[in-house]
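Participant: Sending over a structure as structure tokens; questions will come in a sec.
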2 protein chains.
Amino acid sequence: MPPPAAPTARSNRARENESLRERIVEVAARLLVEAGPHALSVRRVAQDAGTSTQGIYTEFGGKAGLVEALYREGWRRLRTALERVPAADDAVEQVVRLGEAYRRCARENPHFYALMVGEPIPGFAPSEAVRRNARASMRILLEAVRAAMDERGRHGDPERIAHLLWASGHGLVDLGLHGLARAEDEDDRARTLTHAILEAFTEVDP
Amino acid sequence: MPPPAAPTARSNRARENESLRERIVEVAARLLVEAGPHALSVRRVAQDAGTSTQGIYTEFGGKAGLVEALYREGWRRLRTALERVPAADDAVEQVVRLGEAYRRCARENPHFYALMVGEPIPGFAPSEAVRRNARASMRILLEAVRAAMDERGRHGDPERIAHLLWASGHGLVDLGLHGLARAEDEDDRARTLTHAILEAFTEVDP
DNA sequence: GCGGCCTTGATAACAGTGTTATATCACCGT
DNA sequence: ACGGTGATATAACACTGTTATCAAGGCCGC
């Protein structure tokens, strides 16, 4: 017979709910990764998490709320993946590697990526608030672009460059994920393209 | 009382079915454009087309077959849009305008575009055959790239260039459609990017 | 011309979905 | 201790894609 948990500032009820919430997201994330968005049903998630459908509703307000949590989780994972890219000697090379990590993350978690940049679940579209949060994950790229421009002594609009790099990287990986266009030497193409964008959208410092 | 239709090589049954099939696709396309993929239900399409759900099944084998027809229709419309781009004096400018037409077509028919490059309908994923057909729509871009390289006296791999232009264009418009990144001067950025890609992935003819 | 086959097409039923109403129950504050 | 309030589980509702059932009709061989 385990001793009762020590009393905390938060009530037991609240603590249990928090753990339940985490468990639901965890179960739903695994279900998404392994079986795709199609398999994400409220009943299935509830059952796997050891609760009832109503549990999802009190915790997330509905399926859309649960999917929104997964959306945030996906972007959180991507941000973590980008943060963990080891620093390169060359600042431009760092931008290249961020792109590679981005595309690798998308390819390794295609269902998550589809949820983050597509709309694979009929009823759900991310709110502006969570999209803003998602965009924030790409600040890592923006800062890397700034560093690369500094190092090369070039000036221009780093946001524009980061935007084009993001769009190019997304386009490359997305066309591949949907079987429309794939290239064996994608990393080579992306590297050359990165250099070209940095070149074309900057000027030498006066 | 209208006179009976003159007998043709094809049976009346077959002709009626063909018209029914076209009507179903037409109705489904309108439904897709106006209400999005979520509203595409077999019952709704059947009702709007004046038939029963079984009509969809005998004609398309199921919802997936109907959606595949819409997929083909979407790429057909995009190909038409690209073909109708008026010829520019400058071959490079022609490539730029193809990109603009591509993105405009995607933005004007976001639900169709989502169906073409995403997976907004749970049960459906395009077969390799129809994807190959879809890729063929982009040959227009490939030929324009070839022409631009000829005109500029440059050589390189036109397929690689067309691929990167497609990916960049898709990425730009797709991030915008999903509210992740939008730029007021997108056309300007795309133009500069197009020139940069043509420059970076070609060399002057020997 | 005409009868048998057989595909078509409409209706209804089935399994699944998200959502909501209902009823029970545990917990918290007074 | 107890009333009230919120959460939970069960069941029902409206909807989905799909399939079975079955009547009707056209087509082909005679």
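Naming works like this for the structure tokens: A, B, ... for the chains as they're shown, residue 1 at the start of each chain, ligands 1 onward in shown order.
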Up to 7 Å from chain B, what residues of chain A turn up? Count only C-alpha atoms and give them as a PyMOL selection string.
Facilitator: chain A and resi 38+117-122+131+135+167-168+170-172+175+178+180+193+196-197+200
Participant: Determine, counting only C-alpha atoms (C1' of nucleotides), which protein, DNA and RNA residues have an atom within 10 Å of an atom of DA10 in chain C; residues of the same chain fewer than 2 positions away are not included. Present the result as a ChimeraX atom specification.
Facilitator: /B:51-55 /C:8,12 /D:22-23
Participant: May I have the residues within 12 Å of Arg77 in chain A as a PDB file with C-alpha atoms, in the first residue's frame, using only C-alpha atoms (C1' of nucleotides) and disregarding those fewer than 5 positions away in the same chain?
Facilitator:
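As a result, around-v2.pdb now contains:
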ATOM      1  CA  ALA A  29       1.381  11.870 -30.929  1.00  0.00           C
ATOM      2  CA  LEU A  70      -0.305  18.174 -31.510  1.00  0.00           C
ATOM      3  CA  TYR A  71       0.339  21.087 -33.867  1.00  0.00           C
ATOM      4  CA  ARG A  72       2.228  22.915 -31.129  1.00  0.00           C
ATOM      5  CA  LEU A  82      17.011  22.986 -35.242  1.00  0.00           C
ATOM      6  CA  GLU A  83      18.464  24.039 -31.901  1.00  0.00           C
ATOM      7  CA  ARG A  84      20.418  20.814 -31.675  1.00  0.00           C
ATOM      8  CA  ALA A 101      17.959  19.380 -40.405  1.00  0.00           C
ATOM      9  CA  TYR A 102      14.621  20.944 -41.287  1.00  0.00           C
ATOM     10  CA  CYS A 105      12.917  16.323 -39.503  1.00  0.00           C
ATOM     11  CA  ALA A 106      10.044  16.683 -41.964  1.00  0.00           C
ATOM     12  CA  GLU A 108      11.344  11.479 -40.532  1.00  0.00           C
ATOM     13  CA  ASN A 109       7.974  12.617 -39.205  1.00  0.00           C
ATOM     14  CA  PHE A 112       3.576  15.489 -38.044  1.00  0.00           C
ATOM     15  CA  TYR A 113       4.890  17.662 -40.837  1.00  0.00           C
ATOM     16  CA  MET A 116       2.117  21.433 -39.318  1.00  0.00           C
ATOM     17  CA  ALA A 134       4.986  28.127 -35.083  1.00  0.00           C
ATOM     18  CA  SER A 137      10.435  28.328 -34.423  1.00  0.00           C
TER      19      SER A 137
END
Participant: Report as a list in words all protein, DNA and RNA residues lying within 12 Å of Arg44 in chain A, evaluated on only C-alpha atoms (C1' of nucleotides), omitting residues in the same chain fewer than 4 positions from it.
Facilitator: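 That gives Ile24, Val27, Ala28, Arg30, Leu31, Leu32, Ala35, His38, Ala39, Leu40, Asp48, Ala49, Gly50, Thr51, Ser52, Thr53, Ile56 and Lys63 of chain A; DG16 and DT17 of chain C.
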Participant: What does the structure give for the distance between CA of Glu143 in chain B and CA of Gly99 in chain A, in Å to one decimal?
Facilitator: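 Between these atoms lies a distance of 28.8 Å.
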Participant: One number please: CA of Ala162 in chain A to CA of Leu142 in chain A, in Å, one decimal.
Facilitator: 5.4 Å
Participant: Considering only C-alpha atoms (C1' of nucleotides), return as a list in words whatever protein or nucleic-acid residues lie within 10 Å of range 89-94 of chain A, sequence-local ones (same chain, fewer than 3 positions apart) excluded.
Facilitator: Val85, Pro86, Arg97, Leu98, Gly99, Glu100, Leu141, Ala144, Val145, Arg146, Ala147, Ala148, Met149, Asp150, Glu151, Arg152, Arg191, Thr194, His195 and Leu198 of chain A
Participant: Just the selected residues (C-alpha atoms), exported as a PDB file, in the first residue's frame, please.
Facilitator:
ATOM      1  CA  VAL A  85      22.218  21.328 -34.977  1.00  0.00           C
ATOM      2  CA  PRO A  86      25.880  21.503 -33.959  1.00  0.00           C
ATOM      3  CA  ARG A  97      22.860  22.545 -42.093  1.00  0.00           C
ATOM      4  CA  LEU A  98      19.756  24.110 -40.611  1.00  0.00           C
ATOM      5  CA  GLY A  99      18.062  23.496 -43.917  1.00  0.00           C
ATOM      6  CA  GLU A 100      19.194  19.891 -43.951  1.00  0.00           C
ATOM      7  CA  LEU A 141      17.087  30.270 -39.185  1.00  0.00           C
ATOM      8  CA  ALA A 144      21.746  32.078 -38.569  1.00  0.00           C
ATOM      9  CA  VAL A 145      21.139  34.158 -41.684  1.00  0.00           C
ATOM     10  CA  ARG A 146      22.079  37.299 -39.796  1.00  0.00           C
ATOM     11  CA  ALA A 147      25.272  35.653 -38.603  1.00  0.00           C
ATOM     12  CA  ALA A 148      26.143  34.527 -42.112  1.00  0.00           C
ATOM     13  CA  MET A 149      25.617  38.023 -43.481  1.00  0.00           C
ATOM     14  CA  ASP A 150      27.796  39.498 -40.761  1.00  0.00           C
ATOM     15  CA  GLU A 151      30.530  37.012 -41.384  1.00  0.00           C
ATOM     16  CA  ARG A 152      30.554  37.679 -45.097  1.00  0.00           C
ATOM     17  CA  ARG A 191      23.397  23.916 -50.603  1.00  0.00           C
ATOM     18  CA  THR A 194      21.341  28.565 -50.222  1.00  0.00           C
ATOM     19  CA  HIS A 195      24.543  30.163 -51.421  1.00  0.00           C
ATOM     20  CA  LEU A 198      22.510  34.654 -49.876  1.00  0.00           C
TER      21      LEU A 198
END
Participant: Would you please give, as a VMD selection string, all residues of range 56-199 of chain A that DSSP assigns to alpha helix (DSSP H) based on the backbone?
Facilitator: chain A and resid 56 to 60 63 to 83 91 to 108 110 to 117 128 to 136 139 to 152 158 to 177 186 to 199
Participant: Could you take the residues named above and write them with C-alpha atoms, as an mmCIF file, in the first residue's frame?
Facilitator:
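This went into selection12.cif:
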data_model
loop_
_atom_site.group_PDB
_atom_site.id
_atom_site.type_symbol
_atom_site.label_atom_id
_atom_site.label_comp_id
_atom_site.auth_asym_id
_atom_site.auth_seq_id
_atom_site.Cartn_x
_atom_site.Cartn_y
_atom_site.Cartn_z
ATOM 1 C CA ILE A 56 -10.776 14.493 -24.296
ATOM 2 C CA TYR A 57 -13.594 17.000 -24.252
ATOM 3 C CA THR A 58 -13.012 18.262 -20.724
ATOM 4 C CA GLU A 59 -9.291 18.457 -21.353
ATOM 5 C CA PHE A 60 -9.196 19.907 -24.862
ATOM 6 C CA LYS A 63 -10.868 17.064 -31.284
ATOM 7 C CA ALA A 64 -9.734 20.424 -32.625
ATOM 8 C CA GLY A 65 -8.193 21.280 -29.273
ATOM 9 C CA LEU A 66 -6.333 18.005 -29.169
ATOM 10 C CA VAL A 67 -5.048 18.476 -32.692
ATOM 11 C CA GLU A 68 -3.955 21.986 -31.839
ATOM 12 C CA ALA A 69 -1.893 20.555 -29.002
ATOM 13 C CA LEU A 70 -0.305 18.174 -31.510
ATOM 14 C CA TYR A 71 0.339 21.087 -33.867
ATOM 15 C CA ARG A 72 2.228 22.915 -31.129
ATOM 16 C CA GLU A 73 4.049 19.731 -30.210
ATOM 17 C CA GLY A 74 5.162 19.251 -33.798
ATOM 18 C CA TRP A 75 6.604 22.728 -34.062
ATOM 19 C CA ARG A 76 8.197 22.318 -30.660
ATOM 20 C CA ARG A 77 9.963 19.192 -31.888
ATOM 21 C CA LEU A 78 11.123 20.943 -35.027
ATOM 22 C CA ARG A 79 12.456 23.848 -33.020
ATOM 23 C CA THR A 80 14.345 21.407 -30.805
ATOM 24 C CA ALA A 81 15.767 19.669 -33.877
ATOM 25 C CA LEU A 82 17.011 22.986 -35.242
ATOM 26 C CA GLU A 83 18.464 24.039 -31.901
ATOM 27 C CA ALA A 91 28.222 30.660 -40.642
ATOM 28 C CA VAL A 92 26.915 30.039 -44.147
ATOM 29 C CA GLU A 93 27.473 26.345 -43.676
ATOM 30 C CA GLN A 94 25.391 26.628 -40.524
ATOM 31 C CA VAL A 95 22.488 27.938 -42.596
ATOM 32 C CA VAL A 96 22.935 25.021 -44.965
ATOM 33 C CA ARG A 97 22.860 22.545 -42.093
ATOM 34 C CA LEU A 98 19.756 24.110 -40.611
ATOM 35 C CA GLY A 99 18.062 23.496 -43.917
ATOM 36 C CA GLU A 100 19.194 19.891 -43.951
ATOM 37 C CA ALA A 101 17.959 19.380 -40.405
ATOM 38 C CA TYR A 102 14.621 20.944 -41.287
ATOM 39 C CA ARG A 103 14.089 18.655 -44.237
ATOM 40 C CA ARG A 104 15.313 15.606 -42.345
ATOM 41 C CA CYS A 105 12.917 16.323 -39.503
ATOM 42 C CA ALA A 106 10.044 16.683 -41.964
ATOM 43 C CA ARG A 107 10.932 13.460 -43.740
ATOM 44 C CA GLU A 108 11.344 11.479 -40.532
ATOM 45 C CA PRO A 110 5.893 13.043 -42.322
ATOM 46 C CA HIS A 111 2.547 12.858 -40.535
ATOM 47 C CA PHE A 112 3.576 15.489 -38.044
ATOM 48 C CA TYR A 113 4.890 17.662 -40.837
ATOM 49 C CA ALA A 114 1.656 17.275 -42.773
ATOM 50 C CA LEU A 115 -0.219 18.460 -39.715
ATOM 51 C CA MET A 116 2.117 21.433 -39.318
ATOM 52 C CA VAL A 117 2.065 22.743 -42.876
ATOM 53 C CA GLU A 128 -3.417 32.765 -35.707
ATOM 54 C CA ALA A 129 -2.025 32.484 -32.185
ATOM 55 C CA VAL A 130 -0.559 29.024 -32.628
ATOM 56 C CA ARG A 131 0.633 29.887 -36.135
ATOM 57 C CA ARG A 132 2.527 32.826 -34.701
ATOM 58 C CA ASN A 133 4.045 30.425 -32.216
ATOM 59 C CA ALA A 134 4.986 28.127 -35.083
ATOM 60 C CA ARG A 135 6.650 30.948 -37.022
ATOM 61 C CA ALA A 136 8.723 31.676 -33.952
ATOM 62 C CA ARG A 139 13.748 32.521 -35.781
ATOM 63 C CA ILE A 140 16.672 30.144 -35.432
ATOM 64 C CA LEU A 141 17.087 30.270 -39.185
ATOM 65 C CA LEU A 142 16.737 34.041 -39.158
ATOM 66 C CA GLU A 143 19.513 34.433 -36.622
ATOM 67 C CA ALA A 144 21.746 32.078 -38.569
ATOM 68 C CA VAL A 145 21.139 34.158 -41.684
ATOM 69 C CA ARG A 146 22.079 37.299 -39.796
ATOM 70 C CA ALA A 147 25.272 35.653 -38.603
ATOM 71 C CA ALA A 148 26.143 34.527 -42.112
ATOM 72 C CA MET A 149 25.617 38.023 -43.481
ATOM 73 C CA ASP A 150 27.796 39.498 -40.761
ATOM 74 C CA GLU A 151 30.530 37.012 -41.384
ATOM 75 C CA ARG A 152 30.554 37.679 -45.097
ATOM 76 C CA PRO A 158 17.685 38.926 -43.426
ATOM 77 C CA GLU A 159 13.971 38.295 -42.991
ATOM 78 C CA ARG A 160 13.502 38.162 -46.724
ATOM 79 C CA ILE A 161 16.382 35.747 -47.074
ATOM 80 C CA ALA A 162 15.163 33.518 -44.249
ATOM 81 C CA HIS A 163 11.710 33.535 -45.798
ATOM 82 C CA LEU A 164 13.036 32.411 -49.174
ATOM 83 C CA LEU A 165 15.226 29.756 -47.591
ATOM 84 C CA TRP A 166 12.278 28.462 -45.607
ATOM 85 C CA ALA A 167 10.011 28.440 -48.648
ATOM 86 C CA SER A 168 12.617 26.673 -50.762
ATOM 87 C CA GLY A 169 13.312 24.082 -48.116
ATOM 88 C CA HIS A 170 9.643 23.474 -47.527
ATOM 89 C CA GLY A 171 8.976 23.196 -51.226
ATOM 90 C CA LEU A 172 11.800 20.717 -51.749
ATOM 91 C CA VAL A 173 10.782 18.400 -48.958
ATOM 92 C CA ASP A 174 7.060 18.795 -49.510
ATOM 93 C CA LEU A 175 7.139 17.887 -53.189
ATOM 94 C CA GLY A 176 9.160 14.850 -52.231
ATOM 95 C CA LEU A 177 6.809 13.806 -49.466
ATOM 96 C CA GLU A 186 18.696 17.169 -52.843
ATOM 97 C CA ASP A 187 21.226 18.262 -50.246
ATOM 98 C CA ASP A 188 23.631 19.384 -52.951
ATOM 99 C CA ARG A 189 20.925 21.338 -54.704
ATOM 100 C CA ALA A 190 19.827 22.924 -51.453
ATOM 101 C CA ARG A 191 23.397 23.916 -50.603
ATOM 102 C CA THR A 192 23.970 25.611 -53.935
ATOM 103 C CA LEU A 193 20.574 27.248 -53.688
ATOM 104 C CA THR A 194 21.341 28.565 -50.222
ATOM 105 C CA HIS A 195 24.543 30.163 -51.421
ATOM 106 C CA ALA A 196 22.736 31.590 -54.424
ATOM 107 C CA ILE A 197 20.007 33.147 -52.287
ATOM 108 C CA LEU A 198 22.510 34.654 -49.876
ATOM 109 C CA GLU A 199 24.404 36.019 -52.856
#
Participant: Which neighbours of range 12-15 of chain D fall inside 9 Å, counting only C-alpha atoms (C1' of nucleotides), when residues of the same chain fewer than 4 positions from it are skipped, and could you give them as number ranges by chain?
Facilitator: C: 17-21
Participant: Here is a test: counting only C-alpha atoms (C1' of nucleotides), which residue of D:DC2, D:DA9, D:DC28, D:DA20 is nearest to chain A?
Facilitator: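 Distance minimum relative to chain A lands on D:DA9.
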Participant: Using CA of Gly153 in chain B and CA of Asp205 in chain B as the two end points, give the distance in Å to one decimal.
Facilitator: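 The value is 5.7 Å.
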Participant: Output as a list in words the set of chain B residues within 9 Å of chain D, with distances taken over only C-alpha atoms (C1' of nucleotides).
Facilitator: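 Therefore, the residues near the partner are Arg13, Ser41, Val42, Gly62 and Lys63 of chain B.
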Participant: Could you write out, as a ChimeraX atom specification, all the residues of chain B that DSSP marks as strand (DSSP E)?
Facilitator: /B:154-156,202-204
Participant: Output N, CA and C atoms of each residue in that selection to a file, as a compact mmCIF listing (two decimals), in the first residue's frame.
Facilitator:
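Saved to out_3.txt:
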# COMPACT_ATOMS: atom_id res chain seq x y z
N ARG B 154 23.66 29.45 -72.09
CA ARG B 154 24.19 28.80 -70.88
C ARG B 154 23.83 27.33 -70.93
N HIS B 155 24.65 26.53 -70.29
CA HIS B 155 24.30 25.13 -70.25
C HIS B 155 24.34 24.61 -68.82
N GLY B 156 23.59 23.56 -68.63
CA GLY B 156 23.43 22.98 -67.29
C GLY B 156 22.33 21.95 -67.35
N THR B 202 23.77 27.21 -63.83
CA THR B 202 24.22 27.09 -65.22
C THR B 202 25.63 27.67 -65.33
N GLU B 203 26.26 27.33 -66.43
CA GLU B 203 27.56 27.93 -66.72
C GLU B 203 27.51 28.47 -68.13
N VAL B 204 28.39 29.41 -68.42
CA VAL B 204 28.43 29.98 -69.77
C VAL B 204 28.90 28.90 -70.74
